[in-house]
file model-v1.txt (compact mmCIF, C-alpha atoms)
# COMPACT_ATOMS: atom_id res chain seq x y z
CA MET S 270 47.32 66.34 -45.38
CA PRO S 271 43.98 64.46 -45.32
CA GLN S 272 44.22 60.70 -44.95
CA PHE S 273 43.63 58.91 -48.24
CA LYS S 274 42.69 55.28 -48.38
CA PRO S 275 44.84 52.97 -50.50
CA PHE S 276 43.41 52.74 -54.02
CA SER S 277 43.83 50.70 -57.18
CA GLY S 278 45.25 52.54 -60.17
CA LYS S 279 46.81 52.00 -63.58
CA CYS S 280 50.14 53.43 -64.69
CA VAL S 281 49.73 55.39 -67.94
CA ASP S 282 53.23 56.84 -68.35
CA ILE S 283 56.61 57.44 -66.70
CA SER S 284 57.44 60.92 -65.43
CA PHE S 285 60.52 63.04 -66.10
CA GLU S 286 61.97 61.66 -62.83
CA GLY S 287 61.27 58.01 -63.65
CA LYS S 288 58.12 57.61 -61.54
CA GLY S 289 54.97 55.84 -62.71
CA VAL S 290 52.14 58.24 -63.57
CA VAL S 291 48.70 57.30 -62.22
CA LYS S 292 45.54 59.39 -62.73
CA THR S 293 43.23 59.47 -59.69
CA LEU S 294 40.09 61.30 -58.55
CA TYR S 295 42.33 63.48 -56.38
CA GLY S 296 44.76 64.34 -59.21
CA THR S 297 47.99 62.89 -60.62
CA CYS S 298 49.92 60.47 -58.41
CA PHE S 299 53.58 59.63 -59.04
CA VAL S 300 54.64 56.15 -57.92
CA ASP S 301 58.16 54.67 -57.67
CA GLY S 302 58.72 51.32 -59.38
CA LEU S 303 55.49 51.26 -61.39
CA PHE S 304 55.64 50.97 -65.18
CA PRO S 305 53.21 51.68 -68.07
CA GLY S 306 50.33 49.22 -68.30
CA GLU S 307 50.75 47.98 -64.74
CA GLU S 308 47.98 48.10 -62.16
CA ALA S 309 48.64 48.26 -58.44
CA GLU S 310 47.20 48.99 -55.04
CA ILE S 311 48.78 52.32 -54.14
CA GLU S 312 49.28 54.14 -50.86
CA ILE S 313 49.64 57.93 -51.01
CA GLN S 314 52.58 59.07 -48.89
CA TYR S 315 52.62 62.85 -49.35
CA LYS S 316 51.48 65.78 -51.49
CA ARG S 317 53.78 68.37 -53.06
CA ALA S 318 53.05 71.25 -55.46
CA GLY S 319 49.57 69.93 -56.23
CA SER S 320 50.70 66.37 -57.02
CA PHE S 321 50.52 63.22 -54.95
CA PHE S 322 53.37 60.78 -54.39
CA GLY S 323 52.76 57.17 -53.47
CA LYS S 324 54.18 53.69 -53.19
CA VAL S 325 53.06 50.27 -54.42
CA ARG S 326 51.42 48.18 -51.71
CA ARG S 327 50.49 45.32 -54.01
CA LEU S 328 51.09 44.71 -57.71
CA ILE S 329 47.87 43.60 -59.43
CA LYS S 330 48.96 43.45 -63.08
CA LYS S 331 52.58 43.30 -64.29
CA SER S 332 54.09 44.77 -67.43
CA ASN S 333 55.86 42.48 -69.90
CA ASP S 334 58.84 44.81 -69.44
CA ARG S 335 59.15 44.10 -65.72
CA ILE S 336 62.21 41.97 -64.91
CA GLN S 337 63.79 40.45 -61.82
CA PRO S 338 66.33 43.01 -60.53
CA LEU S 339 69.90 41.97 -59.78
CA CYS S 340 69.94 44.20 -56.70
CA GLY S 341 67.93 43.15 -53.67
CA VAL S 342 67.62 46.67 -52.22
CA CYS S 343 66.97 48.67 -55.41
CA THR S 344 63.46 49.61 -54.27
CA ALA S 345 64.78 51.03 -51.00
CA CYS S 346 68.06 52.74 -51.86
CA GLY S 347 66.84 55.24 -54.44
CA GLY S 348 70.02 55.10 -56.54
CA CYS S 349 68.37 53.20 -59.41
CA GLN S 350 64.84 53.73 -60.66
CA PHE S 351 64.81 51.08 -63.38
CA GLN S 352 66.50 47.91 -62.06
CA GLN S 353 63.12 46.18 -62.52
CA TYR S 354 62.57 47.59 -66.03
CA ALA S 355 63.87 45.82 -69.16
CA TYR S 356 66.82 47.67 -70.66
CA SER S 357 65.18 47.94 -74.09
CA ALA S 358 62.22 49.67 -72.41
CA GLN S 359 64.59 52.03 -70.55
CA LEU S 360 66.11 53.14 -73.86
CA LYS S 361 62.68 53.77 -75.40
CA TYR S 362 61.71 55.83 -72.34
CA LYS S 363 64.84 57.97 -72.68
CA THR S 364 64.26 58.57 -76.39
CA ASN S 365 60.67 59.61 -75.68
CA LYS S 366 61.83 61.83 -72.82
CA VAL S 367 63.98 63.83 -75.23
CA LYS S 368 61.24 63.84 -77.91
CA ASN S 369 58.66 65.15 -75.44
CA ALA S 370 60.97 67.92 -74.21
CA PHE S 371 61.36 69.20 -77.78
CA LYS S 372 57.62 68.90 -78.44
CA ARG S 373 56.86 71.02 -75.37
CA HIS S 374 59.00 73.74 -76.94
CA ASN S 375 57.27 73.38 -80.32
CA ILE S 376 60.41 72.06 -82.02
CA ASN S 377 59.66 69.61 -84.79
CA VAL S 378 62.82 67.56 -85.10
CA GLU S 379 63.76 63.90 -85.49
CA VAL S 380 65.24 62.43 -82.32
CA LEU S 381 67.45 59.43 -83.02
CA ASP S 382 67.17 56.27 -80.91
CA THR S 383 69.10 56.37 -77.64
CA ILE S 384 72.47 54.64 -77.89
CA GLY S 385 72.65 52.07 -75.11
CA MET S 386 75.27 49.72 -73.65
CA GLU S 387 75.96 46.10 -74.42
CA ASN S 388 76.32 45.51 -70.67
CA PRO S 389 74.38 48.18 -68.72
CA TYR S 390 75.87 47.18 -65.35
CA GLU S 391 79.14 47.81 -63.44
CA TYR S 392 79.84 50.99 -65.38
CA ARG S 393 80.28 53.71 -62.72
CA ASN S 394 83.89 54.78 -62.23
CA LYS S 395 83.02 57.05 -59.30
CA ILE S 396 81.14 56.14 -56.16
CA GLN S 397 80.63 57.98 -52.88
CA VAL S 398 78.99 56.31 -49.90
CA PRO S 399 78.31 57.35 -46.31
CA ILE S 400 79.68 55.32 -43.39
CA GLY S 401 77.67 54.64 -40.25
CA ARG S 402 76.37 52.02 -37.84
CA ASP S 403 73.21 49.99 -38.12
CA PRO S 404 70.81 49.53 -35.15
CA HIS S 405 72.89 46.52 -34.03
CA GLY S 406 76.12 48.54 -33.93
CA HIS S 407 77.67 47.04 -37.06
CA ILE S 408 79.66 49.36 -39.34
CA VAL S 409 77.77 49.78 -42.61
CA SER S 410 78.05 51.65 -45.89
CA GLY S 411 75.54 52.15 -48.63
CA PHE S 412 73.18 54.79 -49.95
CA TYR S 413 70.60 56.93 -48.23
CA ARG S 414 67.00 55.79 -48.49
CA SER S 415 65.23 58.19 -50.83
CA GLY S 416 64.22 61.39 -49.03
CA THR S 417 66.03 60.42 -45.79
CA HIS S 418 69.48 60.19 -44.25
CA LYS S 419 69.01 56.57 -43.22
CA ILE S 420 71.75 54.38 -44.72
CA ILE S 421 70.56 51.33 -46.65
CA PRO S 422 73.45 48.84 -46.17
CA ILE S 423 74.85 47.65 -49.50
CA ASP S 424 77.70 45.18 -49.94
CA LYS S 425 77.57 45.17 -53.76
CA CYS S 426 76.21 47.85 -56.07
CA TYR S 427 75.46 46.46 -59.52
CA ILE S 428 76.11 49.68 -61.42
CA GLU S 429 79.52 50.46 -59.90
CA ASN S 430 82.94 49.17 -60.89
CA PRO S 431 83.46 45.87 -58.97
CA LYS S 432 86.83 47.10 -57.65
CA ALA S 433 85.00 49.60 -55.43
CA SER S 434 83.04 46.97 -53.48
CA GLU S 435 86.16 45.15 -52.28
CA ILE S 436 87.85 48.41 -51.27
CA ILE S 437 84.81 49.50 -49.25
CA THR S 438 84.68 46.09 -47.55
CA GLN S 439 88.34 46.37 -46.53
CA PHE S 440 87.81 49.98 -45.39
CA LYS S 441 85.02 48.95 -43.00
CA ARG S 442 87.17 46.14 -41.60
CA LEU S 443 90.02 48.59 -41.05
CA ILE S 444 87.76 51.03 -39.19
CA LYS S 445 86.80 48.19 -36.88
CA ASP S 446 90.40 46.94 -36.47
CA PHE S 447 91.71 50.45 -35.68
CA ARG S 448 88.70 51.18 -33.45
CA TYR S 449 87.68 54.32 -35.28
CA GLU S 450 84.12 55.55 -35.06
CA PRO S 451 82.03 56.33 -38.13
CA TYR S 452 80.27 59.70 -38.07
CA ASN S 453 76.85 59.92 -36.43
CA GLU S 454 74.72 62.77 -37.81
CA ASP S 455 72.48 62.89 -34.73
CA THR S 456 75.27 63.20 -32.16
CA GLY S 457 77.90 64.88 -34.37
CA TYR S 458 80.43 62.34 -33.01
CA GLY S 459 82.71 60.13 -35.10
CA LEU S 460 85.62 60.36 -37.54
CA PHE S 461 84.77 58.95 -40.98
CA ARG S 462 81.83 60.46 -42.88
CA HIS S 463 82.16 59.19 -46.45
CA ILE S 464 84.47 57.21 -48.68
CA LEU S 465 84.79 58.21 -52.35
CA ILE S 466 86.34 55.87 -54.89
CA ARG S 467 87.41 56.65 -58.46
CA THR S 468 88.49 53.83 -60.74
CA SER S 469 90.33 54.07 -64.06
CA TYR S 470 88.96 52.11 -67.01
CA HIS S 471 92.06 52.05 -69.23
CA TYR S 472 94.65 51.82 -66.44
CA ASP S 473 94.80 49.85 -63.20
CA ASP S 474 94.45 53.01 -61.10
CA VAL S 475 92.21 53.61 -58.09
CA MET S 476 91.87 56.79 -56.02
CA VAL S 477 90.30 56.79 -52.55
CA THR S 478 89.12 59.96 -50.82
CA LEU S 479 88.40 59.66 -47.09
CA VAL S 480 86.08 62.36 -45.74
CA THR S 481 86.81 62.95 -42.05
CA THR S 482 85.50 65.30 -39.39
CA LYS S 483 89.01 65.96 -38.02
CA ASP S 484 92.23 67.14 -39.57
CA GLU S 485 94.47 64.81 -37.55
CA PHE S 486 93.66 61.45 -36.01
CA LYS S 487 95.68 58.91 -34.07
CA GLY S 488 97.34 56.13 -36.06
CA LYS S 489 96.70 57.77 -39.46
CA ASN S 490 99.99 56.69 -41.06
CA ASN S 491 99.62 53.08 -39.93
CA PHE S 492 96.01 53.08 -41.12
CA VAL S 493 97.03 54.27 -44.58
CA GLN S 494 99.86 51.74 -44.87
CA GLU S 495 97.58 48.87 -43.88
CA PHE S 496 94.91 50.06 -46.33
CA ILE S 497 97.43 50.01 -49.20
CA LYS S 498 98.69 46.59 -48.12
CA ARG S 499 95.17 45.14 -48.23
CA CYS S 500 94.24 46.94 -51.48
CA PRO S 501 97.44 47.22 -53.58
CA ASN S 502 95.59 48.61 -56.62
CA ILE S 503 95.04 51.89 -54.71
CA LYS S 504 97.40 54.42 -56.31
CA CYS S 505 96.30 57.49 -54.35
CA ILE S 506 94.63 58.27 -51.00
CA VAL S 507 93.32 61.76 -50.26
CA GLN S 508 91.97 63.00 -46.95
CA ASN S 509 89.19 65.58 -47.22
CA ILE S 510 88.31 67.38 -43.98
CA ASN S 511 84.68 68.34 -43.45
CA PRO S 512 83.92 69.30 -39.81
CA ARG S 513 80.66 71.11 -40.62
CA ASP S 514 77.12 70.05 -39.77
CA THR S 515 76.02 69.92 -43.39
CA ASN S 516 74.61 67.74 -46.15
CA VAL S 517 77.53 68.73 -48.41
CA ILE S 518 79.85 65.74 -48.73
CA LEU S 519 83.22 67.40 -49.30
CA GLY S 520 84.93 70.04 -47.20
CA GLU S 521 87.25 72.71 -48.60
CA LYS S 522 90.51 71.44 -47.09
CA GLU S 523 92.24 68.28 -48.23
CA ARG S 524 95.65 66.65 -48.32
CA VAL S 525 97.27 63.75 -50.14
CA LEU S 526 98.08 60.87 -47.77
CA TYR S 527 99.52 58.53 -50.39
CA GLY S 528 100.49 58.78 -54.05
CA SER S 529 100.58 61.73 -56.45
CA GLY S 530 97.11 63.12 -55.84
CA HIS S 531 95.96 61.98 -59.31
CA ILE S 532 94.97 58.86 -61.20
CA LYS S 533 95.10 58.51 -64.97
CA ASP S 534 92.45 57.46 -67.47
CA SER S 535 92.00 57.82 -71.21
CA ILE S 536 89.26 58.93 -73.63
CA LEU S 537 89.64 58.31 -77.36
CA GLY S 538 93.40 58.01 -77.05
CA VAL S 539 93.92 61.13 -74.92
CA ASP S 540 95.16 60.63 -71.35
CA PHE S 541 93.72 62.59 -68.43
CA LEU S 542 94.99 63.09 -64.90
CA ILE S 543 92.03 63.13 -62.52
CA SER S 544 92.18 64.71 -59.08
CA SER S 545 89.76 64.15 -56.19
CA LYS S 546 87.47 67.04 -57.16
CA SER S 547 87.76 66.77 -60.95
CA PHE S 548 84.59 66.41 -63.00
CA PHE S 549 85.04 63.34 -65.18
CA GLN S 550 82.19 61.46 -66.85
CA VAL S 551 81.23 58.45 -64.70
CA ASN S 552 80.64 56.01 -67.56
CA PRO S 553 83.99 55.33 -69.31
CA VAL S 554 82.45 53.15 -72.03
CA GLN S 555 79.68 55.54 -73.05
CA VAL S 556 81.78 58.69 -72.73
CA GLU S 557 83.72 57.53 -75.80
CA VAL S 558 80.41 57.11 -77.63
CA LEU S 559 79.25 60.54 -76.44
CA TYR S 560 82.38 62.41 -77.45
CA SER S 561 82.76 60.50 -80.74
CA LYS S 562 79.27 61.67 -81.67
CA ALA S 563 80.01 65.23 -80.55
CA LEU S 564 83.09 65.30 -82.82
CA GLU S 565 81.11 63.72 -85.65
CA PHE S 566 78.49 66.49 -85.36
CA ALA S 567 81.23 69.16 -85.30
CA GLU S 568 82.83 67.90 -88.55
CA LEU S 569 86.11 69.56 -87.58
CA THR S 570 88.85 70.43 -90.04
CA LYS S 571 92.36 71.79 -89.54
CA LYS S 572 90.99 75.26 -90.36
CA ASP S 573 88.55 75.32 -87.42
CA LYS S 574 89.08 77.51 -84.38
CA VAL S 575 87.15 75.90 -81.52
CA PHE S 576 85.73 77.33 -78.31
CA ASP S 577 84.85 74.85 -75.54
CA ALA S 578 82.70 76.47 -72.87
CA TYR S 579 82.40 74.62 -69.53
CA CYS S 580 85.55 72.68 -70.47
CA GLY S 581 86.20 71.06 -67.06
CA ILE S 582 89.58 69.31 -67.07
CA GLY S 583 89.81 69.69 -70.84
CA THR S 584 88.17 66.48 -72.06
CA ILE S 585 86.39 67.70 -75.20
CA SER S 586 88.99 70.44 -75.77
CA LEU S 587 91.96 68.10 -75.93
CA ILE S 588 90.18 65.47 -78.00
CA ALA S 589 89.00 68.16 -80.46
CA SER S 590 92.49 69.68 -80.65
CA LYS S 591 93.67 66.65 -82.64
CA GLN S 592 91.31 67.62 -85.50
CA ALA S 593 91.19 71.44 -85.25
CA ASP S 594 93.53 74.36 -85.83
CA SER S 595 93.22 75.60 -82.23
CA VAL S 596 91.02 75.27 -79.15
CA VAL S 597 90.22 77.64 -76.29
CA GLY S 598 88.63 76.07 -73.21
CA VAL S 599 86.95 78.04 -70.43
CA GLU S 600 85.96 76.80 -66.97
CA ILE S 601 85.10 78.69 -63.77
CA VAL S 602 86.63 76.08 -61.43
CA LYS S 603 90.29 77.00 -60.89
CA GLU S 604 91.42 73.48 -60.00
CA ALA S 605 89.85 72.14 -63.22
CA ILE S 606 91.81 74.62 -65.34
CA ILE S 607 95.03 73.60 -63.57
CA ASP S 608 94.21 69.98 -64.43
CA ALA S 609 93.35 70.93 -68.04
CA LYS S 610 96.73 72.61 -68.53
CA ARG S 611 98.46 69.64 -66.94
CA ASN S 612 96.56 67.28 -69.27
CA ALA S 613 97.59 69.29 -72.33
CA LYS S 614 101.21 69.01 -71.26
CA LEU S 615 100.82 65.29 -70.52
CA ASN S 616 99.62 64.69 -74.09
CA LYS S 617 102.10 67.16 -75.67
CA ILE S 618 99.22 69.21 -77.08
CA ASP S 619 100.25 72.79 -77.81
CA ASN S 620 97.23 74.13 -79.74
CA ALA S 621 94.85 74.21 -76.74
CA GLU S 622 94.59 77.22 -74.40
CA PHE S 623 92.71 77.16 -71.09
CA ILE S 624 91.22 80.16 -69.28
CA CYS S 625 89.70 80.30 -65.80
CA ASP S 626 86.56 82.43 -66.18
CA ASP S 627 82.78 82.38 -66.05
CA ALA S 628 81.26 81.31 -69.38
CA VAL S 629 79.14 84.48 -69.57
CA ASN S 630 82.20 86.73 -69.14
CA ALA S 631 84.26 84.69 -71.57
CA PHE S 632 81.64 84.85 -74.33
CA GLU S 633 81.16 88.60 -73.85
CA ASN S 634 84.94 89.25 -73.81
CA PHE S 635 85.42 87.28 -77.01
CA TYR S 636 82.60 89.21 -78.66
CA ASP S 637 83.95 92.57 -77.48
CA ASN S 638 87.46 91.70 -78.73
CA LYS S 639 86.07 90.38 -82.03
CA LYS S 640 87.62 86.95 -81.47
CA GLU S 641 86.03 84.52 -83.90
CA PHE S 642 85.36 80.80 -83.56
CA SER S 643 83.98 78.52 -86.24
CA VAL S 644 82.82 75.77 -83.84
CA VAL S 645 81.59 76.09 -80.26
CA PHE S 646 81.04 73.19 -77.87
CA VAL S 647 78.77 73.80 -74.87
CA ASP S 648 78.33 71.24 -72.10
CA PRO S 649 76.66 73.25 -69.32
CA PRO S 650 75.38 72.11 -65.90
CA ARG S 651 71.79 70.89 -65.51
CA LYS S 652 70.34 74.44 -65.48
CA GLY S 653 71.46 74.91 -69.08
CA LEU S 654 72.89 78.01 -70.74
CA ASP S 655 72.66 81.45 -69.18
CA GLU S 656 70.46 83.71 -71.31
CA LYS S 657 73.46 86.01 -71.85
CA VAL S 658 75.43 83.10 -73.31
CA VAL S 659 72.60 82.34 -75.74
CA ASN S 660 72.38 86.00 -76.76
CA THR S 661 76.14 86.28 -77.28
CA LEU S 662 76.19 83.08 -79.35
CA LEU S 663 73.50 84.61 -81.55
CA LYS S 664 75.76 87.66 -81.97
CA ILE S 665 79.05 85.76 -82.49
CA LYS S 666 77.36 83.37 -84.93
CA PRO S 667 79.86 80.48 -85.09
CA LYS S 668 79.22 78.20 -88.08
CA LYS S 669 78.45 75.25 -85.82
CA ILE S 670 77.39 74.67 -82.22
CA VAL S 671 77.54 71.25 -80.59
CA TYR S 672 75.40 71.19 -77.45
CA VAL S 673 75.95 68.35 -74.96
CA SER S 674 73.29 68.24 -72.23
CA CYS S 675 72.35 66.21 -69.17
CA ASP S 676 68.83 67.74 -69.02
CA PRO S 677 66.48 67.47 -72.04
CA GLU S 678 64.18 70.21 -70.75
CA THR S 679 66.79 72.97 -70.47
CA LEU S 680 68.38 71.70 -73.69
CA ALA S 681 65.10 72.10 -75.62
CA ARG S 682 64.56 75.54 -74.09
CA ASP S 683 68.01 76.74 -75.23
CA VAL S 684 67.77 75.12 -78.66
CA GLU S 685 64.44 76.89 -79.23
CA LEU S 686 66.21 80.23 -78.66
CA LEU S 687 69.22 79.29 -80.80
CA SER S 688 66.97 78.10 -83.64
CA LYS S 689 66.36 81.75 -84.57
CA SER S 690 69.72 81.62 -86.35
CA TYR S 691 70.54 77.89 -86.41
CA ASP S 692 69.21 74.78 -88.10
CA ILE S 693 68.97 71.67 -85.95
CA LYS S 694 70.93 69.00 -87.77
CA ARG S 695 70.77 66.02 -85.43
CA VAL S 696 69.57 65.10 -81.94
CA GLN S 697 71.26 62.03 -80.42
CA PRO S 698 70.47 60.73 -76.92
CA VAL S 699 73.17 58.58 -75.29
CA ASP S 700 72.54 56.41 -72.23
CA MET S 701 75.29 57.41 -69.82
CA PHE S 702 73.36 56.22 -66.74
CA PRO S 703 71.66 52.84 -67.22
CA MET S 704 69.12 51.82 -64.56
CA THR S 705 68.33 55.50 -63.87
CA PHE S 706 66.01 58.07 -65.48
CA HIS S 707 68.92 60.29 -66.61
CA VAL S 708 69.85 60.71 -70.27
CA GLU S 709 72.59 62.65 -72.03
CA THR S 710 71.82 64.29 -75.37
CA ILE S 711 73.92 65.81 -78.16
CA VAL S 712 72.48 68.36 -80.59
CA GLY S 713 74.27 69.51 -83.73
CA LEU S 714 73.39 73.08 -84.81
CA SER S 715 74.44 74.74 -88.05
CA LEU S 716 74.22 78.46 -88.90
CA LYS S 717 71.36 79.17 -91.29
CA LYS S 718 72.43 80.23 -94.78

call {"tool": "encode", "arguments": {"input": "model-v1.txt", "output": "structure tokens"}}
result
Amino acid sequence: MPQFKPFSGKCVDISFEGKGVVKTLYGTCFVDGLFPGEEAEIEIQYKRAGSFFGKVRRLIKKSNDRIQPLCGVCTACGGCQFQQYAYSAQLKYKTNKVKNAFKRHNINVEVLDTIGMENPYEYRNKIQVPIGRDPHGHIVSGFYRSGTHKIIPIDKCYIENPKASEIITQFKRLIKDFRYEPYNEDTGYGLFRHILIRTSYHYDDVMVTLVTTKDEFKGKNNFVQEFIKRCPNIKCIVQNINPRDTNVILGEKERVLYGSGHIKDSILGVDFLISSKSFFQVNPVQVEVLYSKALEFAELTKKDKVFDAYCGIGTISLIASKQADSVVGVEIVKEAIIDAKRNAKLNKIDNAEFICDDAVNAFENFYDNKKEFSVVFVDPPRKGLDEKVVNTLLKIKPKKIVYVSCDPETLARDVELLSKSYDIKRVQPVDMFPMTFHVETIVGLSLKK
């Protein structure tokens, strides 16, 4: 790439990925940590797909929405994009992000204001951090610098549950005391790769998953006992074995070293057992807002037969079962379906059925067998709905569809297709991930009369 001299530019917008947008003679430049109205001296770092990416060398003019971040390494770690951006401005950005996605798909619909948090910090109930050594040989944990595998040491993360920080501190001390070696990616030597921590919001439960390169290691039982002694709120320790040279955090094999293999949490009065690989929303405060709105949009009655595609461990299914005649949940991950069935039994819910299958197959099978549902919930991964799912929904024609999405762009794309047969009733963004560019959105769809 040609060498470009640093230049002065003005931020005119924020991109889909939370980067400041600056127009230059060369083209558009995306800059981390630069907000609308701000001017800065910018250094271009690289070019990708016709766009430039740069960093702020010197801030010339500040936005009124710029604040002092709580975290001292937020500009280096890459985990948060908006620690320096006022929370009210973050919520406006997220609302506009959803609005713009619908506009790009020529959908004229009102997007309600994003529902935020009273306290947008210390919300994450799941954290996973790599373990390594710094240049001085000290054992460190943290997050990878954006675009690299260099660990930025972090003692306290301001968006994670505070319980996690103390557990990680004790874990690093134990590694040192037991003379274990953290994993080194360059040499392939070392035992501990990552530590994953899940915390319960409604119960005093903590699960720790230790990702190791080896199946067995000397002193394991003593290590576990000492860990529990130092951190008595740990209810479960799982060892996950990942010997591969890979960027994937978890390996396929794991075993329970302490406890039942689950912790328990609750959403809207329904208890859930969560295993080490379970998908469970990371913001326990906002998940109740999210699912309350989803149920509100569904307007369930005791006559409704509900289908929950992408049901995971049965969260929406089991909550909806309290208001519906019956629920069928489908999920492709076998372990999640096992957990869903276990959660139904835990809550003594007998009108929810769970099937391990691909969503495309499930929809087509239901259509072929003329199985009817009045309400369908879809909460797909970031890529959105498979085209076959959309087509089958248009054939099945449930009275209502409630679409929960983590990606406004694929959401708008799918809603455009569904709008052939459905009216868009409401679009509600919910801030599940404060200090980041991510936004969750619920859309209520009703069959046209």

call {"tool": "closest_residue", "arguments": {"input": "model-v1.txt", "among": "S:Ala355, S:Val480, S:Ile376, S:Leu381", "to": "S:Arg695", "atoms": "all atoms listed in the file"}}
result
S:Leu381

call {"tool": "residues_near_point", "arguments": {"input": "model-v1.txt", "point": "(70.3, 62.6, -38.9)", "cutoff": "6 Å", "atoms": "only C-alpha atoms", "output": "PyMOL selection string"}}
result
chain S and resi 418+454-455

call {"tool": "atom_distance", "arguments": {"input": "model-v1.txt", "atom1": "atom CA of S:Leu328", "atom2": "atom CA of S:Gly411"}}
result
27.1 Å

call {"tool": "axis_aligned_box", "arguments": {"input": "model-v1.txt", "around": "stretch 506-516 of chain S", "padding_each_side": "8 Å", "output": "lines of an AutoDock Vina configuration file"}}
result
center_x = 84.6
center_y = 64.7
center_z = -45.4
size_x = 36.0
size_y = 28.8
size_z = 27.2

call {"tool": "closest_residue", "arguments": {"input": "model-v1.txt", "among": "S:Ser595, S:Asn365, S:Ser529, S:Gln337", "to": "S:Ile503", "atoms": "all atoms listed in the file"}}
result
S:Ser529

call {"tool": "closest_residue", "arguments": {"input": "model-v1.txt", "among": "S:Gln439, S:Gln550, S:Asn511, S:Asn453", "to": "S:Phe496", "atoms": "all atoms listed in the file"}}
result
S:Gln439

call {"tool": "closest_residue", "arguments": {"input": "model-v1.txt", "among": "S:Lys572, S:Lys668, S:Lys441, S:Lys361", "to": "S:Pro698", "atoms": "all atoms listed in the file"}}
result
S:Lys361

call {"tool": "decode", "arguments": {"input": "model-v1.txt", "residues": "stretch 280-285 of chain S", "atoms": "all heavy atoms", "output": "short mmCIF file (atom, residue, chain, number, x, y, z; two decimals), in the first residue's frame"}}
result
data_model
loop_
_atom_site.label_atom_id
_atom_site.label_comp_id
_atom_site.auth_asym_id
_atom_site.auth_seq_id
_atom_site.Cartn_x
_atom_site.Cartn_y
_atom_site.Cartn_z
N CYS S 280 -15.14 13.76 11.42
CA CYS S 280 -16.02 12.60 11.49
C CYS S 280 -17.45 13.04 11.17
O CYS S 280 -17.99 13.95 11.80
CB CYS S 280 -15.97 11.97 12.88
SG CYS S 280 -17.04 10.53 13.08
N VAL S 281 -18.07 12.38 10.18
CA VAL S 281 -19.42 12.75 9.75
C VAL S 281 -20.48 11.75 10.19
O VAL S 281 -21.68 12.02 10.12
CB VAL S 281 -19.47 12.94 8.22
CG1 VAL S 281 -18.57 14.09 7.79
CG2 VAL S 281 -19.08 11.65 7.49
N ASP S 282 -20.05 10.56 10.63
CA ASP S 282 -21.01 9.53 10.99
C ASP S 282 -20.28 8.42 11.75
O ASP S 282 -19.05 8.46 11.89
CB ASP S 282 -21.66 8.95 9.72
CG ASP S 282 -23.00 8.27 9.99
OD1 ASP S 282 -23.39 8.16 11.17
OD2 ASP S 282 -23.65 7.85 9.02
N ILE S 283 -21.04 7.42 12.20
CA ILE S 283 -20.44 6.21 12.79
C ILE S 283 -20.89 5.02 11.96
O ILE S 283 -22.06 4.89 11.62
CB ILE S 283 -20.88 6.01 14.26
CG1 ILE S 283 -20.54 7.23 15.10
CG2 ILE S 283 -20.19 4.79 14.85
CD1 ILE S 283 -20.96 7.12 16.56
N SER S 284 -19.95 4.15 11.63
CA SER S 284 -20.23 3.02 10.75
C SER S 284 -21.02 1.94 11.46
O SER S 284 -21.22 1.97 12.68
CB SER S 284 -18.92 2.43 10.22
OG SER S 284 -18.28 1.67 11.22
N PHE S 285 -21.40 0.93 10.69
CA PHE S 285 -22.11 -0.24 11.20
C PHE S 285 -21.32 -0.93 12.30
O PHE S 285 -21.87 -1.51 13.23
CB PHE S 285 -22.36 -1.21 10.03
CG PHE S 285 -23.27 -2.35 10.36
CD1 PHE S 285 -24.65 -2.20 10.35
CD2 PHE S 285 -22.74 -3.59 10.68
CE1 PHE S 285 -25.49 -3.27 10.65
CE2 PHE S 285 -23.57 -4.66 10.99
CZ PHE S 285 -24.95 -4.50 10.97
#
